[in-house]
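Trainee: For reference, the file work_16.cif (mmCIF, C-alpha atoms) is included below:
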data_data
loop_
_atom_site.group_PDB
_atom_site.id
_atom_site.type_symbol
_atom_site.label_atom_id
_atom_site.label_comp_id
_atom_site.auth_asym_id
_atom_site.auth_seq_id
_atom_site.Cartn_x
_atom_site.Cartn_y
_atom_site.Cartn_z
ATOM 1 C CA MET P 1 -28.146 2.871 -20.261
ATOM 2 C CA LYS P 2 -30.559 4.481 -17.821
ATOM 3 C CA TRP P 3 -31.526 2.806 -14.571
ATOM 4 C CA ASN P 4 -35.064 2.014 -15.769
ATOM 5 C CA THR P 5 -33.669 0.351 -18.884
ATOM 6 C CA LEU P 6 -31.245 -1.764 -16.867
ATOM 7 C CA ARG P 7 -34.000 -2.774 -14.492
ATOM 8 C CA TYR P 8 -36.219 -3.811 -17.398
ATOM 9 C CA LEU P 9 -33.448 -5.863 -19.024
ATOM 10 C CA PHE P 10 -32.604 -7.570 -15.735
ATOM 11 C CA LYS P 11 -36.283 -8.384 -15.203
ATOM 12 C CA GLU P 12 -36.461 -9.897 -18.688
ATOM 13 C CA GLY P 13 -33.431 -12.050 -17.923
ATOM 14 C CA ILE P 14 -35.106 -13.408 -14.774
ATOM 15 C CA ILE P 15 -38.346 -14.059 -16.666
ATOM 16 C CA GLY P 16 -36.412 -15.981 -19.343
ATOM 17 C CA LEU P 17 -34.718 -18.019 -16.648
ATOM 18 C CA TRP P 18 -38.067 -18.952 -15.099
ATOM 19 C CA ARG P 19 -39.676 -19.782 -18.456
ATOM 20 C CA ASN P 20 -36.921 -22.278 -19.244
ATOM 21 C CA ARG P 21 -36.332 -23.504 -15.716
ATOM 22 C CA THR P 22 -35.957 -27.161 -16.746
ATOM 23 C CA MET P 23 -33.093 -26.440 -19.147
ATOM 24 C CA ALA P 24 -31.724 -23.874 -16.723
ATOM 25 C CA LEU P 25 -31.604 -26.480 -13.933
ATOM 26 C CA ALA P 26 -29.748 -28.866 -16.256
ATOM 27 C CA SER P 27 -27.233 -26.113 -17.041
ATOM 28 C CA ILE P 28 -26.855 -25.260 -13.343
ATOM 29 C CA GLY P 29 -26.314 -28.939 -12.511
ATOM 30 C CA THR P 30 -23.566 -29.241 -15.120
ATOM 31 C CA ILE P 31 -21.837 -26.112 -13.837
ATOM 32 C CA ILE P 32 -22.030 -27.495 -10.293
ATOM 33 C CA LEU P 33 -20.377 -30.741 -11.435
ATOM 34 C CA CYS P 34 -17.607 -28.806 -13.182
ATOM 35 C CA LEU P 35 -16.888 -26.683 -10.132
ATOM 36 C CA LEU P 36 -17.106 -29.582 -7.662
ATOM 37 C CA ILE P 37 -14.569 -31.570 -9.679
ATOM 38 C CA LEU P 38 -12.322 -28.522 -9.802
ATOM 39 C CA GLY P 39 -12.700 -28.093 -6.038
ATOM 40 C CA MET P 40 -11.949 -31.754 -5.340
ATOM 41 C CA SER P 41 -8.856 -31.676 -7.532
ATOM 42 C CA TYR P 42 -7.599 -28.511 -5.852
ATOM 43 C CA GLY P 43 -8.411 -29.815 -2.361
ATOM 44 C CA ILE P 44 -6.661 -33.142 -2.925
ATOM 45 C CA GLY P 45 -3.559 -31.566 -4.426
ATOM 46 C CA THR P 46 -3.288 -28.889 -1.749
ATOM 47 C CA ASN P 47 -3.785 -31.349 1.116
ATOM 48 C CA ILE P 48 -1.289 -33.858 -0.274
ATOM 49 C CA ASP P 49 1.359 -31.124 -0.359
ATOM 50 C CA TYR P 50 0.342 -30.063 3.150
ATOM 51 C CA LEU P 51 0.464 -33.641 4.492
ATOM 52 C CA ILE P 52 3.873 -34.238 2.922
ATOM 53 C CA GLU P 53 5.185 -31.116 4.616
ATOM 54 C CA GLN P 54 3.734 -32.174 7.979
ATOM 55 C CA MET P 55 5.080 -35.729 7.711
ATOM 56 C CA GLU P 56 8.567 -34.602 6.774
ATOM 57 C CA THR P 57 8.564 -31.974 9.507
ATOM 58 C CA LYS P 58 7.137 -34.333 12.117
ATOM 59 C CA PHE P 59 9.322 -37.337 11.402
ATOM 60 C CA GLY P 60 12.340 -35.560 9.925
ATOM 61 C CA ILE P 61 15.488 -37.479 8.959
ATOM 62 C CA THR P 62 16.920 -40.412 10.857
ATOM 63 C CA ALA P 63 20.697 -40.747 10.497
ATOM 64 C CA TYR P 64 22.006 -44.084 11.811
ATOM 65 C CA LEU P 65 25.516 -44.055 13.267
ATOM 66 C CA LYS P 66 28.242 -46.541 12.574
ATOM 67 C CA GLU P 67 29.072 -49.076 15.249
ATOM 68 C CA GLY P 68 32.023 -48.486 17.563
ATOM 69 C CA LEU P 69 31.927 -44.691 17.804
ATOM 70 C CA GLU P 70 33.221 -43.264 21.054
ATOM 71 C CA ALA P 71 31.217 -40.732 23.074
ATOM 72 C CA GLU P 72 33.563 -37.924 22.065
ATOM 73 C CA GLU P 73 33.228 -38.823 18.375
ATOM 74 C CA ILE P 74 29.440 -38.834 18.667
ATOM 75 C CA THR P 75 29.502 -35.401 20.314
ATOM 76 C CA GLN P 76 31.744 -33.995 17.583
ATOM 77 C CA LEU P 77 29.558 -35.536 14.885
ATOM 78 C CA LYS P 78 26.412 -34.085 16.469
ATOM 79 C CA THR P 79 28.004 -30.635 16.547
ATOM 80 C CA GLN P 80 28.971 -31.019 12.901
ATOM 81 C CA VAL P 81 25.425 -31.968 11.898
ATOM 82 C CA GLU P 82 23.926 -29.084 13.909
ATOM 83 C CA ALA P 83 26.118 -26.644 11.966
ATOM 84 C CA MET P 84 24.821 -27.832 8.589
ATOM 85 C CA ASN P 85 22.397 -25.773 6.524
ATOM 86 C CA ASN P 86 18.692 -26.567 6.887
ATOM 87 C CA VAL P 87 19.136 -28.271 10.280
ATOM 88 C CA SER P 88 16.790 -27.012 12.967
ATOM 89 C CA GLU P 89 17.364 -29.576 15.720
ATOM 90 C CA VAL P 90 19.389 -32.744 16.292
ATOM 91 C CA ILE P 91 18.371 -35.322 18.904
ATOM 92 C CA TYR P 92 20.723 -38.165 19.810
ATOM 93 C CA ILE P 93 19.075 -41.576 20.279
ATOM 94 C CA SER P 94 21.397 -44.086 21.955
ATOM 95 C CA LYS P 95 21.291 -47.825 21.279
ATOM 96 C CA GLU P 96 19.623 -48.347 24.651
ATOM 97 C CA ASP P 97 16.992 -45.669 23.985
ATOM 98 C CA ALA P 98 16.283 -47.176 20.572
ATOM 99 C CA LEU P 99 15.723 -50.613 22.140
ATOM 100 C CA LYS P 100 13.410 -49.145 24.804
ATOM 101 C CA SER P 101 11.384 -47.376 22.135
ATOM 102 C CA PHE P 102 11.212 -50.562 20.057
ATOM 103 C CA SER P 103 9.963 -52.537 23.073
ATOM 104 C CA GLU P 104 7.317 -49.942 23.913
ATOM 105 C CA ASP P 105 6.086 -49.737 20.329
ATOM 106 C CA ASN P 106 5.623 -53.495 20.262
ATOM 107 C CA GLY P 107 3.998 -53.570 23.687
ATOM 108 C CA ASP P 108 6.453 -56.177 24.950
ATOM 109 C CA GLN P 109 8.844 -54.975 27.644
ATOM 110 C CA SER P 110 10.542 -58.382 27.707
ATOM 111 C CA LEU P 111 12.194 -57.495 24.388
ATOM 112 C CA PHE P 112 14.341 -54.936 26.178
ATOM 113 C CA MET P 113 15.618 -57.507 28.668
ATOM 114 C CA MET P 114 16.068 -60.104 25.935
ATOM 115 C CA PHE P 115 18.316 -57.961 23.720
ATOM 116 C CA GLN P 116 19.890 -55.711 26.329
ATOM 117 C CA GLU P 117 23.204 -57.572 26.295
ATOM 118 C CA ASP P 118 23.260 -57.980 22.506
ATOM 119 C CA ASN P 119 21.469 -54.905 21.222
ATOM 120 C CA PRO P 120 21.084 -55.089 17.406
ATOM 121 C CA LEU P 121 19.719 -51.554 17.037
ATOM 122 C CA PRO P 122 22.119 -48.745 16.079
ATOM 123 C CA ALA P 123 22.387 -45.337 17.683
ATOM 124 C CA SER P 124 20.999 -42.507 15.592
ATOM 125 C CA PHE P 125 20.371 -38.789 15.192
ATOM 126 C CA GLU P 126 16.795 -37.571 14.768
ATOM 127 C CA ILE P 127 17.175 -34.483 12.592
ATOM 128 C CA ILE P 128 14.436 -31.858 12.198
ATOM 129 C CA THR P 129 14.841 -29.635 9.142
ATOM 130 C CA SER P 130 13.885 -26.001 8.765
ATOM 131 C CA ASN P 131 12.918 -26.365 5.089
ATOM 132 C CA VAL P 132 11.394 -29.671 4.016
ATOM 133 C CA LYS P 133 11.883 -28.878 0.329
ATOM 134 C CA GLU P 134 15.656 -29.145 0.788
ATOM 135 C CA GLN P 135 15.712 -32.433 2.700
ATOM 136 C CA THR P 136 17.155 -34.374 -0.207
ATOM 137 C CA ALA P 137 20.190 -32.095 -0.406
ATOM 138 C CA LEU P 138 20.700 -32.418 3.362
ATOM 139 C CA VAL P 139 20.527 -36.225 3.174
ATOM 140 C CA GLU P 140 23.208 -36.236 0.478
ATOM 141 C CA ALA P 141 25.435 -34.073 2.681
ATOM 142 C CA LEU P 142 24.843 -36.308 5.713
ATOM 143 C CA ASN P 143 25.837 -39.421 3.786
ATOM 144 C CA GLN P 144 29.229 -37.847 3.123
ATOM 145 C CA LEU P 145 30.058 -37.576 6.832
ATOM 146 C CA ASP P 146 32.317 -40.081 8.535
ATOM 147 C CA GLY P 147 30.397 -41.850 11.240
ATOM 148 C CA ILE P 148 27.024 -41.797 9.401
ATOM 149 C CA ASP P 149 26.104 -45.282 8.254
ATOM 150 C CA GLU P 150 22.697 -44.654 6.662
ATOM 151 C CA THR P 151 19.992 -42.007 6.462
ATOM 152 C CA VAL P 152 16.262 -42.635 6.271
ATOM 153 C CA TYR P 153 13.445 -40.200 5.539
ATOM 154 C CA PHE P 154 10.068 -40.154 3.822
ATOM 155 C CA GLN P 155 11.438 -40.187 0.287
ATOM 156 C CA ASN P 156 9.371 -43.111 -1.024
ATOM 157 C CA GLU P 157 6.215 -41.990 0.761
ATOM 158 C CA THR P 158 6.639 -38.470 -0.602
ATOM 159 C CA ALA P 159 7.078 -39.794 -4.148
ATOM 160 C CA SER P 160 3.939 -41.927 -3.759
ATOM 161 C CA PHE P 161 1.898 -38.949 -2.553
ATOM 162 C CA ILE P 162 3.131 -36.861 -5.486
ATOM 163 C CA ARG P 163 2.181 -39.599 -7.978
ATOM 164 C CA ILE P 164 -1.299 -39.813 -6.439
ATOM 165 C CA ARG P 165 -1.684 -36.042 -6.606
ATOM 166 C CA ASN P 166 -0.588 -35.907 -10.261
ATOM 167 C CA THR P 167 -2.886 -38.786 -11.266
ATOM 168 C CA VAL P 168 -5.873 -37.201 -9.547
ATOM 169 C CA SER P 169 -5.074 -33.845 -11.160
ATOM 170 C CA TYR P 170 -4.887 -35.315 -14.671
ATOM 171 C CA VAL P 171 -8.091 -37.331 -14.305
ATOM 172 C CA CYS P 172 -9.988 -34.401 -12.814
ATOM 173 C CA LEU P 173 -8.685 -32.079 -15.535
ATOM 174 C CA ALA P 174 -9.933 -34.418 -18.273
ATOM 175 C CA ILE P 175 -13.364 -34.751 -16.649
ATOM 176 C CA LEU P 176 -13.493 -30.998 -16.051
ATOM 177 C CA ILE P 177 -12.813 -30.221 -19.730
ATOM 178 C CA ILE P 178 -15.575 -32.609 -20.808
ATOM 179 C CA LEU P 179 -18.055 -31.101 -18.364
ATOM 180 C CA VAL P 180 -17.175 -27.526 -19.375
ATOM 181 C CA VAL P 181 -17.943 -28.419 -23.007
ATOM 182 C CA VAL P 182 -21.218 -30.073 -21.959
ATOM 183 C CA GLY P 183 -22.057 -27.050 -19.806
ATOM 184 C CA LEU P 184 -21.480 -24.649 -22.692
ATOM 185 C CA MET P 185 -23.672 -26.797 -24.962
ATOM 186 C CA LEU P 186 -26.493 -26.916 -22.405
ATOM 187 C CA MET P 187 -26.202 -23.184 -21.818
ATOM 188 C CA SER P 188 -26.357 -22.566 -25.548
ATOM 189 C CA ASN P 189 -29.445 -24.773 -25.896
ATOM 190 C CA THR P 190 -31.131 -22.988 -22.980
ATOM 191 C CA ILE P 191 -30.624 -19.606 -24.619
ATOM 192 C CA LYS P 192 -31.667 -20.960 -28.040
ATOM 193 C CA LEU P 193 -34.933 -22.137 -26.497
ATOM 194 C CA THR P 194 -35.482 -18.704 -24.990
ATOM 195 C CA VAL P 195 -34.794 -17.080 -28.357
ATOM 196 C CA TYR P 196 -37.314 -19.379 -30.045
ATOM 197 C CA ILE P 197 -40.020 -18.697 -27.458
ATOM 198 C CA ARG P 198 -39.530 -14.949 -27.729
ATOM 199 C CA ARG P 199 -38.995 -14.806 -31.505
ATOM 200 C CA ARG P 200 -42.182 -12.790 -32.177
ATOM 201 C CA GLU P 201 -41.393 -10.339 -29.393
ATOM 202 C CA ILE P 202 -37.878 -9.952 -30.740
ATOM 203 C CA ASN P 203 -39.143 -9.241 -34.260
ATOM 204 C CA ILE P 204 -41.484 -6.556 -32.924
ATOM 205 C CA MET P 205 -38.647 -4.996 -30.952
ATOM 206 C CA LYS P 206 -36.501 -4.900 -34.092
ATOM 207 C CA TYR P 207 -39.293 -3.269 -36.115
ATOM 208 C CA VAL P 208 -39.668 -0.473 -33.574
ATOM 209 C CA GLY P 209 -35.948 0.232 -33.642
ATOM 210 C CA ALA P 210 -34.505 -1.652 -30.660
ATOM 211 C CA THR P 211 -30.721 -1.915 -30.801
ATOM 212 C CA ASN P 212 -28.893 -5.244 -30.972
ATOM 213 C CA SER P 213 -27.474 -4.800 -27.469
ATOM 214 C CA PHE P 214 -30.925 -4.036 -26.037
ATOM 215 C CA ILE P 215 -32.186 -7.351 -27.417
ATOM 216 C CA GLN P 216 -29.110 -9.373 -26.446
ATOM 217 C CA VAL P 217 -28.563 -8.163 -22.862
ATOM 218 C CA PRO P 218 -31.483 -10.113 -21.265
ATOM 219 C CA PHE P 219 -30.106 -13.366 -22.694
ATOM 220 C CA LEU P 220 -26.632 -12.559 -21.356
ATOM 221 C CA ILE P 221 -28.135 -11.752 -17.953
ATOM 222 C CA GLU P 222 -29.996 -15.073 -18.006
ATOM 223 C CA GLY P 223 -26.782 -16.965 -18.719
ATOM 224 C CA MET P 224 -24.874 -15.067 -16.035
ATOM 225 C CA LEU P 225 -27.603 -15.801 -13.474
ATOM 226 C CA ILE P 226 -27.451 -19.512 -14.317
ATOM 227 C CA GLY P 227 -23.683 -19.478 -13.864
ATOM 228 C CA LEU P 228 -23.938 -17.490 -10.627
ATOM 229 C CA LEU P 229 -26.498 -19.888 -9.143
ATOM 230 C CA GLY P 230 -24.286 -22.838 -10.063
ATOM 231 C CA ALA P 231 -21.271 -21.159 -8.453
ATOM 232 C CA LEU P 232 -23.121 -20.310 -5.230
ATOM 233 C CA ALA P 233 -24.517 -23.831 -4.923
ATOM 234 C CA SER P 234 -21.021 -25.258 -5.471
ATOM 235 C CA ILE P 235 -19.544 -23.004 -2.784
ATOM 236 C CA VAL P 236 -22.104 -24.210 -0.238
ATOM 237 C CA MET P 237 -21.657 -27.883 -1.190
ATOM 238 C CA ILE P 238 -17.855 -27.865 -1.166
ATOM 239 C CA THR P 239 -17.779 -25.986 2.170
ATOM 240 C CA VAL P 240 -20.153 -28.420 3.879
ATOM 241 C CA GLY P 241 -18.445 -31.450 2.346
ATOM 242 C CA TYR P 242 -14.941 -30.306 3.247
ATOM 243 C CA ASP P 243 -15.962 -29.531 6.839
ATOM 244 C CA TRP P 244 -17.413 -33.049 7.114
ATOM 245 C CA ILE P 245 -14.196 -34.605 5.805
ATOM 246 C CA MET P 246 -12.112 -32.553 8.247
ATOM 247 C CA GLN P 247 -14.217 -33.818 11.158
ATOM 248 C CA LYS P 248 -13.701 -37.436 10.043
ATOM 249 C CA VAL P 249 -9.956 -36.986 9.608
ATOM 250 C CA ALA P 250 -9.684 -35.325 13.030
ATOM 251 C CA ILE P 251 -10.880 -38.509 14.782
ATOM 252 C CA MET P 252 -8.776 -40.893 12.693
ATOM 253 C CA SER P 253 -6.087 -42.993 14.296
ATOM 254 C CA GLY P 254 -3.139 -44.755 12.768
ATOM 255 C CA ALA P 255 -0.513 -43.474 10.355
ATOM 256 C CA LEU P 256 -2.266 -40.150 9.800
ATOM 257 C CA SER P 257 -3.000 -39.446 13.445
ATOM 258 C CA GLY P 258 -1.650 -36.094 14.527
ATOM 259 C CA LEU P 259 -1.740 -34.757 10.969
ATOM 260 C CA ALA P 260 -4.221 -32.111 9.892
ATOM 261 C CA LEU P 261 -5.825 -30.976 6.660
ATOM 262 C CA VAL P 262 -5.625 -27.476 5.248
ATOM 263 C CA PRO P 263 -8.238 -25.338 7.069
ATOM 264 C CA THR P 264 -11.537 -24.793 5.259
ATOM 265 C CA ASP P 265 -11.058 -21.011 5.204
ATOM 266 C CA ASN P 266 -7.763 -21.376 3.339
ATOM 267 C CA ILE P 267 -9.327 -23.683 0.742
ATOM 268 C CA MET P 268 -12.352 -21.446 0.196
ATOM 269 C CA GLN P 269 -10.271 -18.274 -0.086
ATOM 270 C CA ALA P 270 -8.868 -19.703 -3.308
ATOM 271 C CA LEU P 271 -12.020 -21.452 -4.545
ATOM 272 C CA ILE P 272 -14.713 -18.788 -3.998
ATOM 273 C CA PRO P 273 -13.345 -16.192 -6.473
ATOM 274 C CA THR P 274 -12.433 -18.993 -8.908
ATOM 275 C CA TYR P 275 -15.940 -20.465 -8.675
ATOM 276 C CA LEU P 276 -17.622 -17.104 -9.223
ATOM 277 C CA ILE P 277 -15.438 -16.235 -12.204
ATOM 278 C CA LEU P 278 -15.802 -19.651 -13.852
ATOM 279 C CA GLY P 279 -19.532 -19.981 -13.141
ATOM 280 C CA VAL P 280 -20.453 -16.550 -14.468
ATOM 281 C CA GLY P 281 -17.914 -16.946 -17.294
ATOM 282 C CA ILE P 282 -19.400 -20.239 -18.503
ATOM 283 C CA GLY P 283 -22.897 -18.742 -18.378
ATOM 284 C CA LEU P 284 -21.853 -15.597 -20.222
ATOM 285 C CA ILE P 285 -19.846 -17.385 -22.913
ATOM 286 C CA GLY P 286 -22.560 -19.994 -23.505
ATOM 287 C CA SER P 287 -25.185 -17.272 -23.861
ATOM 288 C CA ALA P 288 -23.025 -15.149 -26.156
ATOM 289 C CA VAL P 289 -22.340 -18.115 -28.454
ATOM 290 C CA ALA P 290 -26.047 -18.979 -28.641
ATOM 291 C CA ILE P 291 -27.044 -15.394 -29.423
ATOM 292 C CA HIS P 292 -24.346 -14.942 -32.044
ATOM 293 C CA ARG P 293 -25.267 -18.103 -33.924
ATOM 294 C CA HIS P 294 -29.025 -18.256 -33.522
ATOM 295 C CA LEU P 295 -30.264 -14.695 -33.099
ATOM 296 C CA ASP P 296 -30.417 -12.699 -36.321
ATOM 297 C CA VAL P 297 -30.166 -9.123 -35.096
#
Turn the structure described in the file into structure tokens.

Mentor:
Amino acid sequence: MKWNTLRYLFKEGIIGLWRNRTMALASIGTIILCLLILGMSYGIGTNIDYLIEQMETKFGITAYLKEGLEAEEITQLKTQVEAMNNVSEVIYISKEDALKSFSEDNGDQSLFMMFQEDNPLPASFEIITSNVKEQTALVEALNQLDGIDETVYFQNETASFIRIRNTVSYVCLAILIILVVVGLMLMSNTIKLTVYIRRREINIMKYVGATNSFIQVPFLIEGMLIGLLGALASIVMITVGYDWIMQKVAIMSGALSGLALVPTDNIMQALIPTYLILGVGIGLIGSAVAIHRHLDV
């Protein structure tokens, strides 16, 4: 097609969008809901994985030692653990250090004096891994060593986070499918209304020899514009919302203090192209279905 023809068809698509702005806004709103739910699902899943990695890296594995080990045995055991695969660092925590830490955490220094002569806390190794995905295998190997009484790491917490992530993903997927269907229906109705309004003009165009593609392209452009507007609005909303959440998390205290969310840029690098493809795709498919079924050309 020549440039003048393309410009005319694009202009007709914009005019159709303005004529049916109420239905177009409903279609845009549905597309925004679809994309926001997709963004929330992706953001939650990505951040849960990121938080799990940070927690396991930050807190590592605690290996409690058996009672009665001599200093030489502890040194040999520490060397043995340091030589194991996936071990980045090993820090020895004596019984006395463990009691001091316990007293400080509880804000009661008298606890140290009270239990100093009969310390119930065991000595331990704080083990930092180089690959958090292989912590389970390392724990199994540690439990086989003589001198290791018990190992503790964030196994239960990790499993809970994974269950939350999976549940959120399934629920969001179900809602997303429903909204995509609704979006396609609204898009189809928007284009059908445009076809009805322009039915006389279309008949005249057919009588003078206009091709099927010449008649169909403005409706496809209208659908693509609706999808593009929905995608752009979703990008702005998810960016602003995610930045706000990051600011709130940054000032939190408690169990999640010191942990960070995935940076906004990283999230949007994945979502922006996905949003644009899905938004324009929903608009294009909805328009094409409407034209195929309701436009006799």

Trainee: Calculate how many Å separate atom CA of Gly281 of chain P from atom CA of Gly230 of chain P, rounding to one decimal.

Mentor: 11.3 Å

Trainee: When the PyMOL selection byres ((chain P and resi 169-181) around 9) is applied to the file above, which residues end up in the set, as a VMD selection string?

Mentor: chain P and resid 30 to 31 33 to 35 37 to 38 40 to 42 44 to 45 164 to 168 182 to 186 282

Trainee: With a distance cut-off of 6 Å and only C-alpha atoms, select the neighbouring residues of segment 91-93 of chain P, excluding the residue or stretch itself and same-chain residues fewer than 5 positions from it, and output the selection as a list in words.

Mentor: Ala123, Ser124, Phe125 and Glu126 of chain P

Trainee: Closest to Glu134 of chain P among P:Ile61, P:Val289, P:Leu69, P:Ile32, using all atoms listed in the file?

Mentor: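 Once distances to Glu134 of chain P are computed over all atoms listed in the file, the minimum belongs to P:Ile61.
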
Trainee: Near segment 246-248 of chain P, counting only C-alpha atoms, which residues have an atom at most 9 Å away, once you skip same-chain residues fewer than 4 positions from it, shown as a list in words?

Mentor: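 Close residues of segment 246-248 of chain P: Gly241, Tyr242, Met252, Ala260, Leu261, Val262, Pro263 and Thr264 of chain P.
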
Trainee: Could you tell me how far atom CA of Phe154 of chain P sits from atom CA of Leu99 of chain P, in Å to one decimal place?

Mentor: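 The value is 21.8 Å.
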
Trainee: For a test of reading the model, state the distance in Å between atom CA of Tyr64 of chain P and atom CA of Tyr153 of chain P, rounded to one decimal.

Mentor: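 These atoms are spaced 11.3 Å apart.
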
Trainee: Check which residues satisfy the PyMOL selection byres ((chain P and resi 218-221) around 7) in the file shown, then give them as a PDB file with C-alpha atoms, in the frame of the given file.

Mentor:
ATOM      1  CA  LEU P   9     -33.448  -5.863 -19.024  1.00  0.00           C
ATOM      2  CA  PHE P  10     -32.604  -7.570 -15.735  1.00  0.00           C
ATOM      3  CA  GLU P  12     -36.461  -9.897 -18.688  1.00  0.00           C
ATOM      4  CA  GLY P  13     -33.431 -12.050 -17.923  1.00  0.00           C
ATOM      5  CA  ILE P 191     -30.624 -19.606 -24.619  1.00  0.00           C
ATOM      6  CA  ILE P 215     -32.186  -7.351 -27.417  1.00  0.00           C
ATOM      7  CA  GLN P 216     -29.110  -9.373 -26.446  1.00  0.00           C
ATOM      8  CA  VAL P 217     -28.563  -8.163 -22.862  1.00  0.00           C
ATOM      9  CA  GLU P 222     -29.996 -15.073 -18.006  1.00  0.00           C
ATOM     10  CA  GLY P 223     -26.782 -16.965 -18.719  1.00  0.00           C
ATOM     11  CA  MET P 224     -24.874 -15.067 -16.035  1.00  0.00           C
ATOM     12  CA  LEU P 225     -27.603 -15.801 -13.474  1.00  0.00           C
ATOM     13  CA  LEU P 284     -21.853 -15.597 -20.222  1.00  0.00           C
ATOM     14  CA  SER P 287     -25.185 -17.272 -23.861  1.00  0.00           C
ATOM     15  CA  ALA P 288     -23.025 -15.149 -26.156  1.00  0.00           C
TER      16      ALA P 288
END

Trainee: Pick out the closest residue to Arg21 of chain P from this set: P:Leu36, P:Ile74, P:Ile226, P:Leu142. Count all atoms listed in the file.

Mentor: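 Ranking P:Leu36, P:Ile74, P:Ile226, P:Leu142 by distance to Arg21 of chain P, first place goes to P:Ile226.
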
Trainee: With distances taken over all atoms listed in the file, which of P:Gln54, P:Thr151, P:Ser27, P:Ser101 is nearest to Gly227 of chain P?

Mentor: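 Among the listed residues, P:Ser27 lies closest to Gly227 of chain P.
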
Trainee: Take the PyMOL selection byres ((chain P and resi 85) around 10), run it mentally on this structure, and tell me the resulting residues as a list in words.

Mentor: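 On this input, the PyMOL selection byres ((chain P and resi 85) around 10) captures Val81, Glu82, Ala83, Met84, Asn86, Val87, Ser88, Thr129, Ser130, Asn131, Glu134, Ala137, Leu138 and Ala141 of chain P.
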
Trainee: Store the residues picked out above, limited to C-alpha atoms, as a tab-separated table (two decimals), in the frame of the given file.

Mentor:
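This went into part_13.tsv:
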chain	number	residue	atom	x	y	z
P	81	VAL	CA	25.42	-31.97	11.90
P	82	GLU	CA	23.93	-29.08	13.91
P	83	ALA	CA	26.12	-26.64	11.97
P	84	MET	CA	24.82	-27.83	8.59
P	86	ASN	CA	18.69	-26.57	6.89
P	87	VAL	CA	19.14	-28.27	10.28
P	88	SER	CA	16.79	-27.01	12.97
P	129	THR	CA	14.84	-29.64	9.14
P	130	SER	CA	13.88	-26.00	8.76
P	131	ASN	CA	12.92	-26.36	5.09
P	134	GLU	CA	15.66	-29.14	0.79
P	137	ALA	CA	20.19	-32.10	-0.41
P	138	LEU	CA	20.70	-32.42	3.36
P	141	ALA	CA	25.44	-34.07	2.68

Trainee: Which residue gives the smallest distance to Gln80 of chain P among P:Gln144, P:Thr274, P:Ser213, P:Asn20, with only C-alpha atoms counted?

Mentor: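 Nearest candidate to Gln80 of chain P out of P:Gln144, P:Thr274, P:Ser213, P:Asn20: P:Gln144.
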
Trainee: For Gly60 of chain P, which residue among P:Pro273, P:Val152, P:Leu121, P:Thr46 is the nearest when counting all atoms listed in the file?

Mentor: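 Among P:Pro273, P:Val152, P:Leu121, P:Thr46, it is P:Val152 that comes nearest to Gly60 of chain P.
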
Trainee: Closest to Ala63 of chain P among P:Asp149, P:Lys78, P:Met205, P:Ser234, using all atoms listed in the file?

Mentor: P:Asp149
